[in-house]
Amino acid sequence: MKADALLNTYIDLNLLVLAGALLWLAARAGLRRTSLATAYGPQLRLLNGMTVLLAATPVLVLLLHLSGLGHAPTLSDVLVSQYLQGNVNMSATHFESLIGLREDLVRDISGGSTTWSQIVAALLISGAALSALLLGAAILRLRRALAAAYLWKRIGRVDLLLSDDTAVAYSTRGLWRRYVVLPTALLADPRDLRVTLAHELQHFRQKDVEIAFLMECLRPLLFWNPAYYLWRRDMRMVREFACDQTLGAQGRFDLRSYCECLIRASERARETPIFLSSRSPSVALLNRREIHSAPLLARRIIAATELPPQGRQGLLWTGISGLIACAVVITAFLIQRPSDWSHDRIMLSTIVNLERMAQRGSSDTALSALNGEFMVSSR
């Protein structure tokens with residue numbers, strides 16, 4: 001596979017994550033005006049589905065192009081068509097250079113023909129390598145933490161582990177088994193133990209651990225993209241809200257006891273600041289921001305006490321998810337580079353050549369006029 005094809009796929013992924021973040025922000029702003037604002041479970045499923053779609057779409061589009069099944073119209077093709085129809089007031093030369101910026105960027109970076117392109121390529125490669133190394137270190141640290149804990153109980157494919165080195169319960173998984181690591185101090189408080197265990201098992205039901213793995217694996221490719229960190233932050237927030245709300249709505253626990261458990265867990269974590277890396281592919285009862293920020297913890301308590309909207313809303317959420325998925329797929333095709341020289345592009349190239357010839361002709365005429373003036377003045 002050529003370097004420019006890989007670089008284009010890399011650019012497509014970053015642009016799609018940016019577009020996905022904008023779509024999510026727009027959807028969230030719209031949901032806030034309705035009763036669906038507190039439907040955290042469907043919101044989490046929407047975010048999880050979008051995450052998988054955003055990660056898979058650039059690869060699927062690349063495979064589609066390599067298979068030779070054709071190319072959908074791109075944004076560049078649409079702009080060229082609009083220019084030829086006279087809807088863009090700009091010189092042809094300037095317009096062609098504007099829509100060719102991405103091609104020039106990809107060609108320069110993949111070829112390393114200029115100093116700045118070599119610097120950009122070095123920064124991207126070194127940043128991705130550093131992110132991958134940090135992710136590897138976080139995984140090794142997680143493996144050591146699991147190895148240091150000892151087995152307490154086994155429920156199906158889930159191993160319940162006890163650890164003296166953690167103040168906050170967390171869950172993670174391997175290829176075949178899932179793990180819930182509990183602080184040893186919880187054994188002295190059966191109520192908090194039940195709440196904490198139910199919370200971590202709910203994360204497994206929501207597929208939160210798998211999505212956390214996917215998000216951390218994407219970090220080396222998106223380390224410089226602010227949209228990735230916005231997406232990651234909102235996903236962490238919504239998944240905790242969904243988990244708290246689901247357990248609160250089930251009626252298995254008294255809401256006050258559940259909220260008090262979160263507060264006590266936060267207090268224990270502040271007293272024993274031993275945490276896994278933020279890059280660790282795991283899901284904890286509380287993250288660092290919630291431990292050290294009372295407003296964030298308060299939002300979780302409010303989410304646990306909020307009831308989800310009543311009534312059947314599956315069709316509505318299916319429609320919202322379908323619209324966003326269609327928008328992502330359309331965006332994925334629009335941001336592709338043009339496939340070949342279409343009729344419109346040949347017309348644009350012809351206009352550019354005529355414009356350059358006219359400019360060259362006017363320059364030659366001006367030069368001839370100047371020469372004539374000099375000859376007259378010398379007589």
# chains A, B, ... in the order shown; residues from 1 in each chain; ligands from 1
>>> residues_around(residues="region 51-54 of chain A", least_positions_apart="4", cutoff="7 Å", atoms="only C-alpha atoms", output="number ranges by chain")
A: 16-17, 47
>>> select_by_dssp(residues="region 81-199 of chain A", states="strand (DSSP E or B)", output="compact mmCIF listing (two decimals) with N, CA and C atoms, in the first residue's frame")
# COMPACT_ATOMS: atom_id res chain seq x y z
N TYR A 150 -5.20 -10.90 44.35
CA TYR A 150 -5.43 -12.33 44.52
C TYR A 150 -6.91 -12.63 44.34
N LEU A 151 -7.16 -13.81 43.82
CA LEU A 151 -8.52 -14.21 43.46
C LEU A 151 -9.38 -14.38 44.71
N TRP A 152 -10.55 -13.77 44.67
CA TRP A 152 -11.51 -13.90 45.76
C TRP A 152 -12.65 -14.83 45.36
N LYS A 153 -13.31 -14.51 44.24
CA LYS A 153 -14.40 -15.34 43.76
C LYS A 153 -14.36 -15.37 42.23
N ARG A 154 -15.07 -16.30 41.67
CA ARG A 154 -15.17 -16.42 40.22
C ARG A 154 -16.63 -16.63 39.84
N ILE A 155 -17.13 -15.73 38.99
CA ILE A 155 -18.52 -15.78 38.55
C ILE A 155 -18.51 -15.92 37.03
N VAL A 158 -16.00 -14.00 34.87
CA VAL A 158 -15.57 -12.82 35.61
C VAL A 158 -14.81 -13.25 36.86
N ASP A 159 -13.59 -12.76 37.01
CA ASP A 159 -12.79 -13.01 38.21
C ASP A 159 -12.87 -11.80 39.13
N LEU A 160 -13.26 -12.01 40.38
CA LEU A 160 -13.28 -10.96 41.38
C LEU A 160 -11.96 -11.01 42.15
N LEU A 161 -11.19 -9.93 42.05
CA LEU A 161 -9.88 -9.88 42.67
C LEU A 161 -9.87 -8.87 43.80
N LEU A 162 -9.06 -9.11 44.81
CA LEU A 162 -8.87 -8.19 45.92
C LEU A 162 -7.45 -7.65 45.88
N SER A 163 -7.33 -6.35 46.15
CA SER A 163 -6.00 -5.72 46.09
C SER A 163 -5.83 -4.76 47.25
N TYR A 170 -12.05 -1.08 40.08
CA TYR A 170 -12.04 -0.89 38.63
C TYR A 170 -12.22 -2.24 37.96
N SER A 171 -12.60 -2.19 36.69
CA SER A 171 -12.82 -3.41 35.92
C SER A 171 -12.04 -3.32 34.62
N THR A 172 -11.60 -4.46 34.14
CA THR A 172 -10.88 -4.55 32.88
C THR A 172 -11.09 -5.97 32.34
N ARG A 173 -10.41 -6.29 31.26
CA ARG A 173 -10.58 -7.61 30.70
C ARG A 173 -9.34 -8.03 29.92
N ARG A 178 -12.74 -11.62 32.21
CA ARG A 178 -12.97 -10.26 32.68
C ARG A 178 -12.58 -10.20 34.16
N TYR A 179 -12.16 -9.00 34.58
CA TYR A 179 -11.65 -8.86 35.94
C TYR A 179 -12.29 -7.64 36.60
N VAL A 180 -12.67 -7.83 37.86
CA VAL A 180 -13.11 -6.73 38.72
C VAL A 180 -12.17 -6.72 39.91
N VAL A 181 -11.46 -5.62 40.08
CA VAL A 181 -10.49 -5.49 41.18
C VAL A 181 -11.12 -4.61 42.25
N LEU A 182 -11.22 -5.16 43.45
CA LEU A 182 -11.86 -4.47 44.57
C LEU A 182 -10.83 -4.16 45.65
N PRO A 183 -10.92 -2.99 46.28
CA PRO A 183 -10.05 -2.72 47.43
C PRO A 183 -10.35 -3.68 48.57
>>> residues_around(residues="Thr93 (chain A)", least_positions_apart="2", cutoff="8 Å", atoms="only C-alpha atoms", output="NGL selection string")
:A and (91 or 95-97 or 352 or 355-356)
>>> residues_around(residues="Leu285 (chain A)", least_positions_apart="6", cutoff="10 Å", atoms="only C-alpha atoms", output="list in words")
Val168, Ala169, Tyr170, Ser171, Leu182, Thr196, Leu197, His199, Glu200, His203, Glu240, Cys243, Leu262, Ala265 and Ser266 of chain A
>>> write_last_selection(atoms="C-alpha atoms", output="JSON list (two decimals), in the first residue's frame")
[["chain", "number", "residue", "atom", "x", "y", "z"],
["A", 168, "VAL", "CA", -10.88, 2.61, 43.91],
["A", 169, "ALA", "CA", -12.51, -0.45, 42.37],
["A", 170, "TYR", "CA", -12.04, -0.89, 38.63],
["A", 171, "SER", "CA", -12.82, -3.41, 35.92],
["A", 182, "LEU", "CA", -11.86, -4.47, 44.57],
["A", 196, "THR", "CA", -19.40, -1.33, 44.05],
["A", 197, "LEU", "CA", -19.58, -4.84, 42.62],
["A", 199, "HIS", "CA", -21.50, -0.92, 39.48],
["A", 200, "GLU", "CA", -18.49, -2.67, 37.92],
["A", 203, "HIS", "CA", -19.91, -1.61, 33.05],
["A", 240, "GLU", "CA", -20.82, 6.78, 34.44],
["A", 243, "CYS", "CA", -24.32, 3.19, 34.95],
["A", 262, "LEU", "CA", -19.72, 7.16, 45.98],
["A", 265, "ALA", "CA", -15.14, 5.87, 47.86],
["A", 266, "SER", "CA", -14.03, 9.39, 46.98]]
>>> closest_residue(among="A:Met357, A:Ala303, A:Leu6, A:Ile263", to="Leu63 (chain A)", atoms="only C-alpha atoms")
A:Leu6
>>> atom_distance(atom1="CA of Pro308 (chain A)", atom2="CA of Asn287 (chain A)")
23.7 Å
>>> residues_around(residues="Ala55 (chain A)", least_positions_apart="4", cutoff="8 Å", atoms="only C-alpha atoms", output="list in words")
Leu13, Thr51, Val59 and Leu218 of chain A
>>> residues_around(residues="Ile125 (chain A)", least_positions_apart="5", cutoff="10 Å", atoms="only C-alpha atoms", output="list in words")
Ile119, Val120, Leu130, Ser131, Pro220 and Leu221 of chain A
>>> write_last_selection(atoms="C-alpha atoms", output="PDB file, in the first residue's frame")
ATOM      1  CA  ILE A 119       9.420  18.295  10.439  1.00  0.00           C
ATOM      2  CA  VAL A 120       5.652  17.566  10.368  1.00  0.00           C
ATOM      3  CA  LEU A 130       5.385   8.088  22.239  1.00  0.00           C
ATOM      4  CA  SER A 131       1.630   7.585  22.672  1.00  0.00           C
ATOM      5  CA  PRO A 220      -1.586   7.132  18.909  1.00  0.00           C
ATOM      6  CA  LEU A 221      -3.442   8.140  15.732  1.00  0.00           C
TER       7      LEU A 221
END
>>> select_by_dssp(residues="region 112-243 of chain A", states="helix (DSSP H, G or I)", output="MDAnalysis selection string")
chainID A and resid 115:148 184:188 190:205 208:222 226:243
>>> closest_residue(among="A:Ala3, A:Asp189, A:Asn14, A:Ile302", to="Ala227 (chain A)", atoms="only C-alpha atoms")
A:Asn14
>>> decode(residues="region 121-264 of chain A", atoms="C-alpha atoms", output="PDB file, in the first residue's frame")
ATOM      1  CA  ALA A 121       6.231  13.922   9.472  1.00  0.00           C
ATOM      2  CA  ALA A 122       8.803  13.581  12.264  1.00  0.00           C
ATOM      3  CA  LEU A 123       6.417  15.146  14.801  1.00  0.00           C
ATOM      4  CA  LEU A 124       3.528  12.880  13.768  1.00  0.00           C
ATOM      5  CA  ILE A 125       5.648   9.736  13.862  1.00  0.00           C
ATOM      6  CA  SER A 126       7.363  10.602  17.156  1.00  0.00           C
ATOM      7  CA  GLY A 127       4.054  11.631  18.778  1.00  0.00           C
ATOM      8  CA  ALA A 128       2.365   8.405  17.677  1.00  0.00           C
ATOM      9  CA  ALA A 129       5.345   6.340  18.860  1.00  0.00           C
ATOM     10  CA  LEU A 130       5.385   8.088  22.239  1.00  0.00           C
ATOM     11  CA  SER A 131       1.630   7.585  22.672  1.00  0.00           C
ATOM     12  CA  ALA A 132       2.011   3.914  21.771  1.00  0.00           C
ATOM     13  CA  LEU A 133       4.853   3.506  24.272  1.00  0.00           C
ATOM     14  CA  LEU A 134       2.825   5.187  27.027  1.00  0.00           C
ATOM     15  CA  LEU A 135      -0.134   2.958  26.214  1.00  0.00           C
ATOM     16  CA  GLY A 136       2.120  -0.098  26.370  1.00  0.00           C
ATOM     17  CA  ALA A 137       3.493   1.040  29.727  1.00  0.00           C
ATOM     18  CA  ALA A 138      -0.055   1.554  31.042  1.00  0.00           C
ATOM     19  CA  ILE A 139      -1.039  -1.953  29.935  1.00  0.00           C
ATOM     20  CA  LEU A 140       2.032  -3.450  31.611  1.00  0.00           C
ATOM     21  CA  ARG A 141       1.234  -1.527  34.784  1.00  0.00           C
ATOM     22  CA  LEU A 142      -2.325  -2.860  34.646  1.00  0.00           C
ATOM     23  CA  ARG A 143      -1.045  -6.422  34.161  1.00  0.00           C
ATOM     24  CA  ARG A 144       1.240  -6.043  37.174  1.00  0.00           C
ATOM     25  CA  ALA A 145      -1.665  -4.742  39.238  1.00  0.00           C
ATOM     26  CA  LEU A 146      -3.777  -7.753  38.249  1.00  0.00           C
ATOM     27  CA  ALA A 147      -0.913 -10.131  39.018  1.00  0.00           C
ATOM     28  CA  ALA A 148      -0.412  -8.556  42.463  1.00  0.00           C
ATOM     29  CA  ALA A 149      -4.095  -8.992  43.365  1.00  0.00           C
ATOM     30  CA  TYR A 150      -5.430 -12.333  44.519  1.00  0.00           C
ATOM     31  CA  LEU A 151      -8.517 -14.206  43.464  1.00  0.00           C
ATOM     32  CA  TRP A 152     -11.513 -13.903  45.761  1.00  0.00           C
ATOM     33  CA  LYS A 153     -14.405 -15.344  43.757  1.00  0.00           C
ATOM     34  CA  ARG A 154     -15.166 -16.424  40.217  1.00  0.00           C
ATOM     35  CA  ILE A 155     -18.521 -15.783  38.548  1.00  0.00           C
ATOM     36  CA  GLY A 156     -18.632 -17.359  35.114  1.00  0.00           C
ATOM     37  CA  ARG A 157     -15.973 -15.606  33.038  1.00  0.00           C
ATOM     38  CA  VAL A 158     -15.568 -12.818  35.613  1.00  0.00           C
ATOM     39  CA  ASP A 159     -12.792 -13.013  38.214  1.00  0.00           C
ATOM     40  CA  LEU A 160     -13.278 -10.956  41.383  1.00  0.00           C
ATOM     41  CA  LEU A 161      -9.876  -9.880  42.669  1.00  0.00           C
ATOM     42  CA  LEU A 162      -8.875  -8.190  45.924  1.00  0.00           C
ATOM     43  CA  SER A 163      -6.002  -5.720  46.085  1.00  0.00           C
ATOM     44  CA  ASP A 164      -4.283  -3.820  48.892  1.00  0.00           C
ATOM     45  CA  ASP A 165      -2.778  -1.361  46.386  1.00  0.00           C
ATOM     46  CA  THR A 166      -5.896   0.284  45.050  1.00  0.00           C
ATOM     47  CA  ALA A 167      -8.337   2.607  46.750  1.00  0.00           C
ATOM     48  CA  VAL A 168     -10.880   2.608  43.915  1.00  0.00           C
ATOM     49  CA  ALA A 169     -12.514  -0.454  42.373  1.00  0.00           C
ATOM     50  CA  TYR A 170     -12.040  -0.894  38.629  1.00  0.00           C
ATOM     51  CA  SER A 171     -12.816  -3.410  35.920  1.00  0.00           C
ATOM     52  CA  THR A 172     -10.879  -4.555  32.882  1.00  0.00           C
ATOM     53  CA  ARG A 173     -10.577  -7.614  30.701  1.00  0.00           C
ATOM     54  CA  GLY A 174      -8.203  -9.892  28.849  1.00  0.00           C
ATOM     55  CA  LEU A 175      -8.814 -11.875  25.691  1.00  0.00           C
ATOM     56  CA  TRP A 176     -10.978 -14.472  27.402  1.00  0.00           C
ATOM     57  CA  ARG A 177     -11.672 -13.376  30.970  1.00  0.00           C
ATOM     58  CA  ARG A 178     -12.968 -10.262  32.683  1.00  0.00           C
ATOM     59  CA  TYR A 179     -11.650  -8.857  35.935  1.00  0.00           C
ATOM     60  CA  VAL A 180     -13.112  -6.734  38.724  1.00  0.00           C
ATOM     61  CA  VAL A 181     -10.493  -5.488  41.178  1.00  0.00           C
ATOM     62  CA  LEU A 182     -11.856  -4.465  44.568  1.00  0.00           C
ATOM     63  CA  PRO A 183     -10.047  -2.718  47.432  1.00  0.00           C
ATOM     64  CA  THR A 184      -9.512  -5.080  50.332  1.00  0.00           C
ATOM     65  CA  ALA A 185     -10.996  -2.457  52.683  1.00  0.00           C
ATOM     66  CA  LEU A 186     -14.421  -3.022  51.095  1.00  0.00           C
ATOM     67  CA  LEU A 187     -14.689  -6.407  52.784  1.00  0.00           C
ATOM     68  CA  ALA A 188     -15.315  -4.559  56.047  1.00  0.00           C
ATOM     69  CA  ASP A 189     -18.375  -2.808  54.576  1.00  0.00           C
ATOM     70  CA  PRO A 190     -20.810  -5.283  52.939  1.00  0.00           C
ATOM     71  CA  ARG A 191     -23.171  -2.512  51.734  1.00  0.00           C
ATOM     72  CA  ASP A 192     -20.487  -0.642  49.813  1.00  0.00           C
ATOM     73  CA  LEU A 193     -19.135  -3.955  48.539  1.00  0.00           C
ATOM     74  CA  ARG A 194     -22.479  -4.876  46.979  1.00  0.00           C
ATOM     75  CA  VAL A 195     -22.928  -1.446  45.421  1.00  0.00           C
ATOM     76  CA  THR A 196     -19.395  -1.327  44.045  1.00  0.00           C
ATOM     77  CA  LEU A 197     -19.583  -4.835  42.616  1.00  0.00           C
ATOM     78  CA  ALA A 198     -22.935  -4.131  40.949  1.00  0.00           C
ATOM     79  CA  HIS A 199     -21.498  -0.923  39.478  1.00  0.00           C
ATOM     80  CA  GLU A 200     -18.494  -2.670  37.924  1.00  0.00           C
ATOM     81  CA  LEU A 201     -20.575  -5.540  36.552  1.00  0.00           C
ATOM     82  CA  GLN A 202     -22.899  -2.993  34.943  1.00  0.00           C
ATOM     83  CA  HIS A 203     -19.910  -1.608  33.048  1.00  0.00           C
ATOM     84  CA  PHE A 204     -19.464  -5.049  31.506  1.00  0.00           C
ATOM     85  CA  ARG A 205     -23.113  -5.122  30.448  1.00  0.00           C
ATOM     86  CA  GLN A 206     -22.695  -1.716  28.796  1.00  0.00           C
ATOM     87  CA  LYS A 207     -19.533  -2.847  26.911  1.00  0.00           C
ATOM     88  CA  ASP A 208     -17.663   0.054  28.525  1.00  0.00           C
ATOM     89  CA  VAL A 209     -14.410  -1.849  28.936  1.00  0.00           C
ATOM     90  CA  GLU A 210     -14.271  -2.799  25.248  1.00  0.00           C
ATOM     91  CA  ILE A 211     -14.954   0.788  24.163  1.00  0.00           C
ATOM     92  CA  ALA A 212     -12.284   2.016  26.580  1.00  0.00           C
ATOM     93  CA  PHE A 213      -9.812  -0.369  24.921  1.00  0.00           C
ATOM     94  CA  LEU A 214     -10.779   0.957  21.484  1.00  0.00           C
ATOM     95  CA  MET A 215     -10.430   4.587  22.567  1.00  0.00           C
ATOM     96  CA  GLU A 216      -6.973   4.030  24.002  1.00  0.00           C
ATOM     97  CA  CYS A 217      -5.849   2.141  20.897  1.00  0.00           C
ATOM     98  CA  LEU A 218      -6.918   5.132  18.790  1.00  0.00           C
ATOM     99  CA  ARG A 219      -4.868   7.581  20.869  1.00  0.00           C
ATOM    100  CA  PRO A 220      -1.586   7.132  18.909  1.00  0.00           C
ATOM    101  CA  LEU A 221      -3.442   8.140  15.732  1.00  0.00           C
ATOM    102  CA  LEU A 222      -5.382  11.010  17.330  1.00  0.00           C
ATOM    103  CA  PHE A 223      -2.986  12.295  19.985  1.00  0.00           C
ATOM    104  CA  TRP A 224      -2.878  15.817  18.488  1.00  0.00           C
ATOM    105  CA  ASN A 225      -6.627  16.076  17.757  1.00  0.00           C
ATOM    106  CA  PRO A 226      -8.605  18.101  20.360  1.00  0.00           C
ATOM    107  CA  ALA A 227     -11.829  16.440  19.187  1.00  0.00           C
ATOM    108  CA  TYR A 228     -10.515  13.084  20.438  1.00  0.00           C
ATOM    109  CA  TYR A 229     -10.105  14.381  23.993  1.00  0.00           C
ATOM    110  CA  LEU A 230     -13.518  16.043  23.894  1.00  0.00           C
ATOM    111  CA  TRP A 231     -15.040  12.772  22.697  1.00  0.00           C
ATOM    112  CA  ARG A 232     -13.196  10.749  25.324  1.00  0.00           C
ATOM    113  CA  ARG A 233     -14.222  13.104  28.142  1.00  0.00           C
ATOM    114  CA  ASP A 234     -17.917  13.080  27.208  1.00  0.00           C
ATOM    115  CA  MET A 235     -17.910   9.304  26.780  1.00  0.00           C
ATOM    116  CA  ARG A 236     -16.447   8.791  30.246  1.00  0.00           C
ATOM    117  CA  MET A 237     -19.007  11.149  31.727  1.00  0.00           C
ATOM    118  CA  VAL A 238     -22.022   9.623  29.957  1.00  0.00           C
ATOM    119  CA  ARG A 239     -21.005   6.033  30.709  1.00  0.00           C
ATOM    120  CA  GLU A 240     -20.818   6.775  34.438  1.00  0.00           C
ATOM    121  CA  PHE A 241     -24.124   8.642  34.338  1.00  0.00           C
ATOM    122  CA  ALA A 242     -25.724   5.714  32.497  1.00  0.00           C
ATOM    123  CA  CYS A 243     -24.317   3.194  34.950  1.00  0.00           C
ATOM    124  CA  ASP A 244     -25.455   5.191  38.002  1.00  0.00           C
ATOM    125  CA  GLN A 245     -28.889   5.830  36.534  1.00  0.00           C
ATOM    126  CA  THR A 246     -29.436   2.197  35.558  1.00  0.00           C
ATOM    127  CA  LEU A 247     -28.557   0.900  39.018  1.00  0.00           C
ATOM    128  CA  GLY A 248     -30.652   3.608  40.638  1.00  0.00           C
ATOM    129  CA  ALA A 249     -33.674   2.789  38.480  1.00  0.00           C
ATOM    130  CA  GLN A 250     -33.446  -0.956  39.133  1.00  0.00           C
ATOM    131  CA  GLY A 251     -34.420  -0.436  42.755  1.00  0.00           C
ATOM    132  CA  ARG A 252     -31.866  -2.961  44.018  1.00  0.00           C
ATOM    133  CA  PHE A 253     -30.227  -0.328  46.216  1.00  0.00           C
ATOM    134  CA  ASP A 254     -31.448   2.556  48.257  1.00  0.00           C
ATOM    135  CA  LEU A 255     -30.473   5.718  46.358  1.00  0.00           C
ATOM    136  CA  ARG A 256     -29.130   7.356  49.471  1.00  0.00           C
ATOM    137  CA  SER A 257     -26.908   4.353  50.216  1.00  0.00           C
ATOM    138  CA  TYR A 258     -25.679   4.360  46.625  1.00  0.00           C
ATOM    139  CA  CYS A 259     -24.758   8.046  46.727  1.00  0.00           C
ATOM    140  CA  GLU A 260     -23.119   7.685  50.128  1.00  0.00           C
ATOM    141  CA  CYS A 261     -21.041   4.832  48.713  1.00  0.00           C
ATOM    142  CA  LEU A 262     -19.724   7.156  45.977  1.00  0.00           C
ATOM    143  CA  ILE A 263     -18.847   9.779  48.583  1.00  0.00           C
ATOM    144  CA  ARG A 264     -17.051   7.289  50.829  1.00  0.00           C
TER     145      ARG A 264
END
